[in-house]
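Only one structure is covered here, and it is reproduced in the block below.
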Amino acid sequence: MPAPPVLGLILAGGQARRMGGGDKPLLRLDGRTLLERVVERLGPQCGAGLALSANGDPARFSGFPGPVLPDPLPDQPGPLAGILAGLEHAAGHGMARVVSVSGDAPFLPEDLVARLCAAGPESGIALAASGARRHFTIALWPTILRDDLRDYLGRGERRVGAFIDRHGAAVASWPVEPVDPFLNINTPEDLAAAEALGLRSGSEGHVSGRSSGA
């Protein structure tokens with residue numbers, strides 16, 4: 001089945017304070033960067049290709065297979081600014097939807113985009129969840145929300161969950177066992193735990209797996 005015509009947006013604009021600064025997606029997990037692993041997981045699922053949300057010199061991501069999009073607003077107002085950059089880029093290229101993911105989540109499920117697309121109407125937001133936890137930045141966004149999102153940020157609002165609550169969202173859920181597929185790397189301890197998960201599983205395919213339920 002062909003991948004849906006969705007732009008995959010990898011959010012890499014965080015300042016990684018708990019990791020001592022720098023670009024978390026460029027950290028290495030078992031010899032490969034987190035970004036490489038996210039690209040490998042997400043790329044085949046997105047028929048409209050990939051984009052990276054990141055500020056600063058884009059040359060540090062020279063191997064990335066798509067455009068690097070800086071925030072369209074000043075002062076790094078958070079992940080919603082990166083999502084706005086993705087929505088505006090997608091709309092400018094005739095794309096109707098964007099799937100955003102964290103650049104530090106190396107175990108994304110291989111059915112993420114398909115299940116988010118199936119979760120709700122084409123004009124609505126769909127969120128990923130694992131167990132009882134909703135992941136606000138791992139979501140499907142229609143580009144028609146870009147003007148409202150720009151206005152929201154222009155008023156000084158920053159909360160992703162509050163913006164989602166304005167519009168409502170469908171939810172697609174994955175189990176957390178044997179491993180949460182949306183596990184993200186925030187601390188050195190998280191990175192060590194992710195290394196251990198990969199070693200214990202003996203196969204990355206067994207780490208995240210596919211979900212059989214909604």
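Within each chain, counting starts at residue 1; across the structure tokens, chains are named A, B, ... in the order shown, with ligands numbered 1 upward in that order.
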Inset, instruction - Within segment 2-169 of chain A, find each residue whose DSSP state, derived from the backbone, is helix (DSSP H, G or I), and express the selection as an MDAnalysis selection string. - result: chainID A and resid 17:19 24:26 34:45 58:61 79:92 112:119 143:154 160:167
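Every protein or nucleic acid residue with an atom no more than 8 Å from segment 63-67 of chain A, counting only C-alpha atoms and leaving out same-chain residues fewer than 5 positions away, appears here: Gly49, Leu50, Ala51 and Leu52 of chain A.
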Output of the above residues as a PDB file, in the first residue's frame, restricted to N, CA and C atoms:
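Contents of again.pdb, as written:
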ATOM      1  N   GLY A  49       7.343  13.041   1.858  1.00  0.00           N
ATOM      2  CA  GLY A  49       8.709  13.273   2.293  1.00  0.00           C
ATOM      3  C   GLY A  49       8.799  13.779   3.718  1.00  0.00           C
ATOM      4  N   LEU A  50      10.007  14.237   4.075  1.00  0.00           N
ATOM      5  CA  LEU A  50      10.298  14.660   5.437  1.00  0.00           C
ATOM      6  C   LEU A  50      10.798  16.096   5.462  1.00  0.00           C
ATOM      7  N   ALA A  51      10.612  16.756   6.608  1.00  0.00           N
ATOM      8  CA  ALA A  51      11.206  18.055   6.890  1.00  0.00           C
ATOM      9  C   ALA A  51      11.664  18.034   8.341  1.00  0.00           C
ATOM     10  N   LEU A  52      12.632  18.886   8.648  1.00  0.00           N
ATOM     11  CA  LEU A  52      13.192  18.955   9.986  1.00  0.00           C
ATOM     12  C   LEU A  52      12.973  20.352  10.538  1.00  0.00           C
TER      13      LEU A  52
END
Legend entry - Non-local contacts of segment 84-88 of chain A (9 Å; only C-alpha atoms; under 3 positions in same chain excluded) as a VMD selection string: chain A and resid 7 to 9 51 to 53 69 to 73 79 to 81 91 to 93 95 to 98 100 141 to 147 149 to 150
Give me a file of those residues, with C-alpha atoms, as a short mmCIF file (atom, residue, chain, number, x, y, z; two decimals), in the first residue's frame.
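Written output follows (part_18.cif):
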data_model
loop_
_atom_site.label_atom_id
_atom_site.label_comp_id
_atom_site.auth_asym_id
_atom_site.auth_seq_id
_atom_site.Cartn_x
_atom_site.Cartn_y
_atom_site.Cartn_z
CA LEU A 7 4.64 15.45 5.22
CA GLY A 8 6.66 13.99 8.08
CA LEU A 9 7.96 16.75 10.37
CA ALA A 51 11.21 18.05 6.89
CA LEU A 52 13.19 18.96 9.99
CA SER A 53 12.23 21.73 12.40
CA LEU A 69 12.80 24.69 8.62
CA PRO A 70 13.61 27.43 11.15
CA ASP A 71 10.92 28.82 13.43
CA PRO A 72 8.79 31.41 11.62
CA LEU A 73 8.55 33.43 14.87
CA PRO A 79 7.34 23.10 19.62
CA LEU A 80 4.23 24.82 18.28
CA ALA A 81 6.48 27.19 16.33
CA ALA A 91 0.60 24.25 2.54
CA GLY A 92 3.00 26.07 0.24
CA HIS A 93 3.67 22.78 -1.55
CA MET A 95 0.05 19.24 1.04
CA ALA A 96 -2.99 18.97 3.29
CA ARG A 97 -1.56 17.23 6.37
CA VAL A 98 1.59 17.00 8.47
CA SER A 100 4.95 15.70 13.67
CA TRP A 141 -2.16 18.21 11.85
CA PRO A 142 -4.25 19.60 8.97
CA THR A 143 -2.60 22.57 7.29
CA ILE A 144 -5.87 24.54 7.46
CA LEU A 145 -5.03 25.21 11.14
CA ARG A 146 -1.93 27.24 10.32
CA ASP A 147 -3.55 30.69 10.50
CA LEU A 149 -1.94 28.55 15.16
CA ARG A 150 -0.02 31.67 14.09
#
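Using only C-alpha atoms, the contacts of segment 183-193 of chain A at a cut-off of 8 Å, with sequence neighbours closer than 2 positions omitted, comprise A:Ala16, A:Arg18, A:Met19, A:Lys24, A:Leu29, A:Ser102, A:Asp104, A:Ala105, A:Pro106, A:Phe107, A:Val179, A:Asp180, A:Pro181, A:Glu195, A:Ala196, A:Leu197.
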Restricted to N, CA, C and O atoms, what would the selected residues look like written as a JSON list (two decimals), in the first residue's frame?
[["chain", "number", "residue", "atom", "x", "y", "z"],
["A", 16, "ALA", "N", 17.73, 20.85, 24.86],
["A", 16, "ALA", "CA", 18.36, 19.68, 25.48],
["A", 16, "ALA", "C", 19.10, 20.03, 26.77],
["A", 16, "ALA", "O", 20.21, 19.57, 27.01],
["A", 18, "ARG", "N", 18.63, 19.07, 29.81],
["A", 18, "ARG", "CA", 18.89, 17.92, 30.69],
["A", 18, "ARG", "C", 19.97, 17.00, 30.14],
["A", 18, "ARG", "O", 20.46, 16.12, 30.84],
["A", 19, "MET", "N", 20.34, 17.21, 28.87],
["A", 19, "MET", "CA", 21.44, 16.44, 28.29],
["A", 19, "MET", "C", 22.72, 17.27, 28.23],
["A", 19, "MET", "O", 23.69, 16.86, 27.62],
["A", 24, "LYS", "N", 19.86, 17.09, 20.66],
["A", 24, "LYS", "CA", 19.58, 15.72, 21.07],
["A", 24, "LYS", "C", 19.49, 14.75, 19.91],
["A", 24, "LYS", "O", 19.97, 13.62, 20.00],
["A", 29, "LEU", "N", 22.91, 6.39, 19.49],
["A", 29, "LEU", "CA", 22.35, 5.23, 20.17],
["A", 29, "LEU", "C", 22.84, 4.00, 19.43],
["A", 29, "LEU", "O", 22.49, 3.79, 18.26],
["A", 102, "SER", "N", 8.81, 13.63, 17.59],
["A", 102, "SER", "CA", 9.97, 14.11, 18.32],
["A", 102, "SER", "C", 11.24, 13.55, 17.69],
["A", 102, "SER", "O", 11.29, 12.39, 17.31],
["A", 104, "ASP", "N", 13.83, 12.82, 19.19],
["A", 104, "ASP", "CA", 14.56, 11.99, 20.15],
["A", 104, "ASP", "C", 13.77, 10.73, 20.52],
["A", 104, "ASP", "O", 13.93, 10.18, 21.61],
["A", 105, "ALA", "N", 12.90, 10.28, 19.61],
["A", 105, "ALA", "CA", 12.07, 9.09, 19.85],
["A", 105, "ALA", "C", 12.45, 8.00, 18.85],
["A", 105, "ALA", "O", 11.84, 7.88, 17.79],
["A", 106, "PRO", "N", 13.46, 7.19, 19.16],
["A", 106, "PRO", "CA", 14.02, 6.28, 18.16],
["A", 106, "PRO", "C", 13.22, 5.01, 17.89],
["A", 106, "PRO", "O", 13.57, 4.26, 16.99],
["A", 107, "PHE", "N", 12.16, 4.76, 18.65],
["A", 107, "PHE", "CA", 11.42, 3.50, 18.50],
["A", 107, "PHE", "C", 10.01, 3.71, 17.96],
["A", 107, "PHE", "O", 9.08, 2.96, 18.26],
["A", 179, "VAL", "N", 7.75, -2.41, 25.16],
["A", 179, "VAL", "CA", 8.43, -1.12, 25.27],
["A", 179, "VAL", "C", 7.51, -0.04, 24.72],
["A", 179, "VAL", "O", 6.84, -0.25, 23.70],
["A", 180, "ASP", "N", 7.47, 1.09, 25.39],
["A", 180, "ASP", "CA", 6.70, 2.23, 24.89],
["A", 180, "ASP", "C", 7.31, 2.69, 23.57],
["A", 180, "ASP", "O", 8.47, 3.12, 23.54],
["A", 181, "PRO", "N", 6.57, 2.64, 22.44],
["A", 181, "PRO", "CA", 7.16, 3.04, 21.16],
["A", 181, "PRO", "C", 7.44, 4.53, 21.07],
["A", 181, "PRO", "O", 8.12, 4.97, 20.15],
["A", 195, "GLU", "N", 19.73, 2.08, 25.15],
["A", 195, "GLU", "CA", 20.78, 1.15, 24.73],
["A", 195, "GLU", "C", 20.49, -0.24, 25.27],
["A", 195, "GLU", "O", 20.59, -1.24, 24.55],
["A", 196, "ALA", "N", 20.12, -0.32, 26.55],
["A", 196, "ALA", "CA", 19.84, -1.61, 27.17],
["A", 196, "ALA", "C", 18.63, -2.29, 26.53],
["A", 196, "ALA", "O", 18.62, -3.51, 26.34],
["A", 197, "LEU", "N", 17.61, -1.53, 26.17],
["A", 197, "LEU", "CA", 16.44, -2.11, 25.52],
["A", 197, "LEU", "C", 16.81, -2.75, 24.19],
["A", 197, "LEU", "O", 16.37, -3.85, 23.86]]
Inset, instruction - Identify which of the residues A:Gly78, A:Pro5, A:Gly154, A:Gly124 lies closest to Pro44 of chain A, counting only C-alpha atoms when measuring atom-to-atom distances. - result: A:Pro5
Inset, instruction - Return the single residue from A:Ala12, A:Pro4, A:His89, A:Ala169 that is closest to Pro121 of chain A, with distances computed using only C-alpha atoms. - result: A:Ala169
Inset, instruction - Determine, counting only C-alpha atoms, which protein, DNA and RNA residues have an atom within 10 Å of an atom of Ala118 of chain A; residues of the same chain fewer than 5 positions away are not included. Present the result as a PyMOL selection string. - result: chain A and resi 113+126+170-172
Inset, instruction - Taking the chain letters and numbering used in this document, name the residues of segment 13-163 of chain A that DSSP puts in strand (DSSP E), as a ChimeraX atom specification. - result: /A:28-29,32-33,50-53,68-69,97-102,125-130,133-142
Could the residues in this selection be saved with N, CA and C atoms as an mmCIF file, in the first residue's frame?
data_model
loop_
_atom_site.group_PDB
_atom_site.id
_atom_site.type_symbol
_atom_site.label_atom_id
_atom_site.label_comp_id
_atom_site.auth_asym_id
_atom_site.auth_seq_id
_atom_site.Cartn_x
_atom_site.Cartn_y
_atom_site.Cartn_z
ATOM 1 N N ARG A 28 24.136 9.676 19.749
ATOM 2 C CA ARG A 28 24.239 8.344 19.153
ATOM 3 C C ARG A 28 23.677 7.277 20.080
ATOM 4 N N LEU A 29 22.909 6.388 19.490
ATOM 5 C CA LEU A 29 22.352 5.228 20.171
ATOM 6 C C LEU A 29 22.844 3.995 19.432
ATOM 7 N N ARG A 32 24.465 4.888 15.970
ATOM 8 C CA ARG A 32 23.732 5.693 14.989
ATOM 9 C C ARG A 32 23.011 6.818 15.707
ATOM 10 N N THR A 33 22.857 7.965 15.022
ATOM 11 C CA THR A 33 22.194 9.082 15.682
ATOM 12 C C THR A 33 20.704 8.793 15.866
ATOM 13 N N LEU A 50 10.007 14.237 4.075
ATOM 14 C CA LEU A 50 10.298 14.660 5.437
ATOM 15 C C LEU A 50 10.798 16.096 5.462
ATOM 16 N N ALA A 51 10.612 16.756 6.608
ATOM 17 C CA ALA A 51 11.206 18.055 6.890
ATOM 18 C C ALA A 51 11.664 18.034 8.341
ATOM 19 N N LEU A 52 12.632 18.886 8.648
ATOM 20 C CA LEU A 52 13.192 18.955 9.986
ATOM 21 C C LEU A 52 12.973 20.352 10.538
ATOM 22 N N SER A 53 12.396 20.451 11.725
ATOM 23 C CA SER A 53 12.232 21.732 12.402
ATOM 24 C C SER A 53 13.436 21.959 13.297
ATOM 25 N N VAL A 68 15.385 21.866 6.048
ATOM 26 C CA VAL A 68 15.479 22.219 7.460
ATOM 27 C C VAL A 68 14.735 23.543 7.638
ATOM 28 N N LEU A 69 13.708 23.553 8.486
ATOM 29 C CA LEU A 69 12.801 24.693 8.616
ATOM 30 C C LEU A 69 13.042 25.412 9.942
ATOM 31 N N ARG A 97 -1.750 17.700 4.994
ATOM 32 C CA ARG A 97 -1.555 17.226 6.366
ATOM 33 C C ARG A 97 -0.076 17.019 6.674
ATOM 34 N N VAL A 98 0.236 17.164 7.959
ATOM 35 C CA VAL A 98 1.594 17.000 8.474
ATOM 36 C C VAL A 98 1.534 16.077 9.683
ATOM 37 N N VAL A 99 2.459 15.141 9.768
ATOM 38 C CA VAL A 99 2.633 14.345 10.985
ATOM 39 C C VAL A 99 3.903 14.812 11.671
ATOM 40 N N SER A 100 3.776 15.281 12.907
ATOM 41 C CA SER A 100 4.945 15.697 13.674
ATOM 42 C C SER A 100 5.375 14.590 14.627
ATOM 43 N N VAL A 101 6.686 14.463 14.797
ATOM 44 C CA VAL A 101 7.243 13.516 15.762
ATOM 45 C C VAL A 101 8.423 14.178 16.458
ATOM 46 N N SER A 102 8.808 13.628 17.593
ATOM 47 C CA SER A 102 9.966 14.107 18.321
ATOM 48 C C SER A 102 11.237 13.553 17.693
ATOM 49 N N ILE A 125 -7.285 17.053 13.975
ATOM 50 C CA ILE A 125 -6.039 16.625 14.601
ATOM 51 C C ILE A 125 -6.209 15.196 15.090
ATOM 52 N N ALA A 126 -5.141 14.404 15.003
ATOM 53 C CA ALA A 126 -5.123 13.068 15.595
ATOM 54 C C ALA A 126 -3.840 12.921 16.393
ATOM 55 N N LEU A 127 -3.972 12.447 17.631
ATOM 56 C CA LEU A 127 -2.839 12.305 18.539
ATOM 57 C C LEU A 127 -2.456 10.848 18.705
ATOM 58 N N ALA A 128 -1.161 10.618 18.927
ATOM 59 C CA ALA A 128 -0.695 9.305 19.351
ATOM 60 C C ALA A 128 -0.751 9.217 20.872
ATOM 61 N N ALA A 129 -1.039 8.035 21.365
ATOM 62 C CA ALA A 129 -1.034 7.783 22.802
ATOM 63 C C ALA A 129 -0.416 6.422 23.062
ATOM 64 N N SER A 130 0.168 6.283 24.239
ATOM 65 C CA SER A 130 0.636 4.968 24.685
ATOM 66 C C SER A 130 0.161 4.786 26.108
ATOM 67 N N ARG A 133 -1.235 7.825 28.352
ATOM 68 C CA ARG A 133 -0.545 9.093 28.086
ATOM 69 C C ARG A 133 -0.703 9.521 26.634
ATOM 70 N N ARG A 134 -1.181 10.754 26.435
ATOM 71 C CA ARG A 134 -1.250 11.328 25.092
ATOM 72 C C ARG A 134 0.044 12.086 24.801
ATOM 73 N N HIS A 135 0.506 11.980 23.563
ATOM 74 C CA HIS A 135 1.759 12.611 23.161
ATOM 75 C C HIS A 135 1.428 13.771 22.224
ATOM 76 N N PHE A 136 1.413 14.984 22.775
ATOM 77 C CA PHE A 136 0.921 16.134 22.030
ATOM 78 C C PHE A 136 1.761 16.486 20.810
ATOM 79 N N THR A 137 3.037 16.187 20.828
ATOM 80 C CA THR A 137 3.880 16.548 19.680
ATOM 81 C C THR A 137 4.035 15.402 18.691
ATOM 82 N N ILE A 138 3.427 14.261 18.953
ATOM 83 C CA ILE A 138 3.403 13.155 17.992
ATOM 84 C C ILE A 138 1.965 13.076 17.495
ATOM 85 N N ALA A 139 1.709 13.776 16.401
ATOM 86 C CA ALA A 139 0.324 14.026 16.014
ATOM 87 C C ALA A 139 0.217 14.345 14.537
ATOM 88 N N LEU A 140 -0.996 14.202 14.037
ATOM 89 C CA LEU A 140 -1.356 14.559 12.665
ATOM 90 C C LEU A 140 -2.083 15.897 12.699
ATOM 91 N N TRP A 141 -1.619 16.848 11.856
ATOM 92 C CA TRP A 141 -2.157 18.206 11.850
ATOM 93 C C TRP A 141 -2.624 18.572 10.440
ATOM 94 N N PRO A 142 -3.837 19.083 10.281
ATOM 95 C CA PRO A 142 -4.249 19.603 8.970
ATOM 96 C C PRO A 142 -3.658 21.000 8.758
#
Inset, instruction - May I ask for the distance between atom CA of Ala119 of chain A and atom CA of Glu177 of chain A, given in Å to one decimal place? - result: 21.4 Å
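For the pair atom CA of Ile164 of chain A and atom CA of Gln45 of chain A, the separation is 23.4 Å.
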Inset, instruction - Name the residues in contact with Gly131 of chain A at a cut-off of 9 Å, using only C-alpha atoms, excluding same-chain residues fewer than 6 positions from it; report them as number ranges by chain. - result: A: 173-176, 180
What would the file look like if the residues just selected were written as a short mmCIF file (atom, residue, chain, number, x, y, z; two decimals), in the first residue's frame with C-alpha atoms?
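Written out: result.cif:
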data_model
loop_
_atom_site.label_atom_id
_atom_site.label_comp_id
_atom_site.auth_asym_id
_atom_site.auth_seq_id
_atom_site.Cartn_x
_atom_site.Cartn_y
_atom_site.Cartn_z
CA SER A 173 -3.25 4.33 21.03
CA TRP A 174 -0.38 1.85 21.21
CA PRO A 175 0.51 -0.48 24.11
CA VAL A 176 3.48 0.31 26.35
CA ASP A 180 6.70 2.23 24.89
#
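Atom CA of Asp165 of chain A is found 24.8 Å from atom CA of Asp111 of chain A.
Closest approach to Gly120 of chain A from the set A:Pro2, A:Gly47, A:Gly31, A:Gly168 is made by A:Gly168, with distances taken over only C-alpha atoms.
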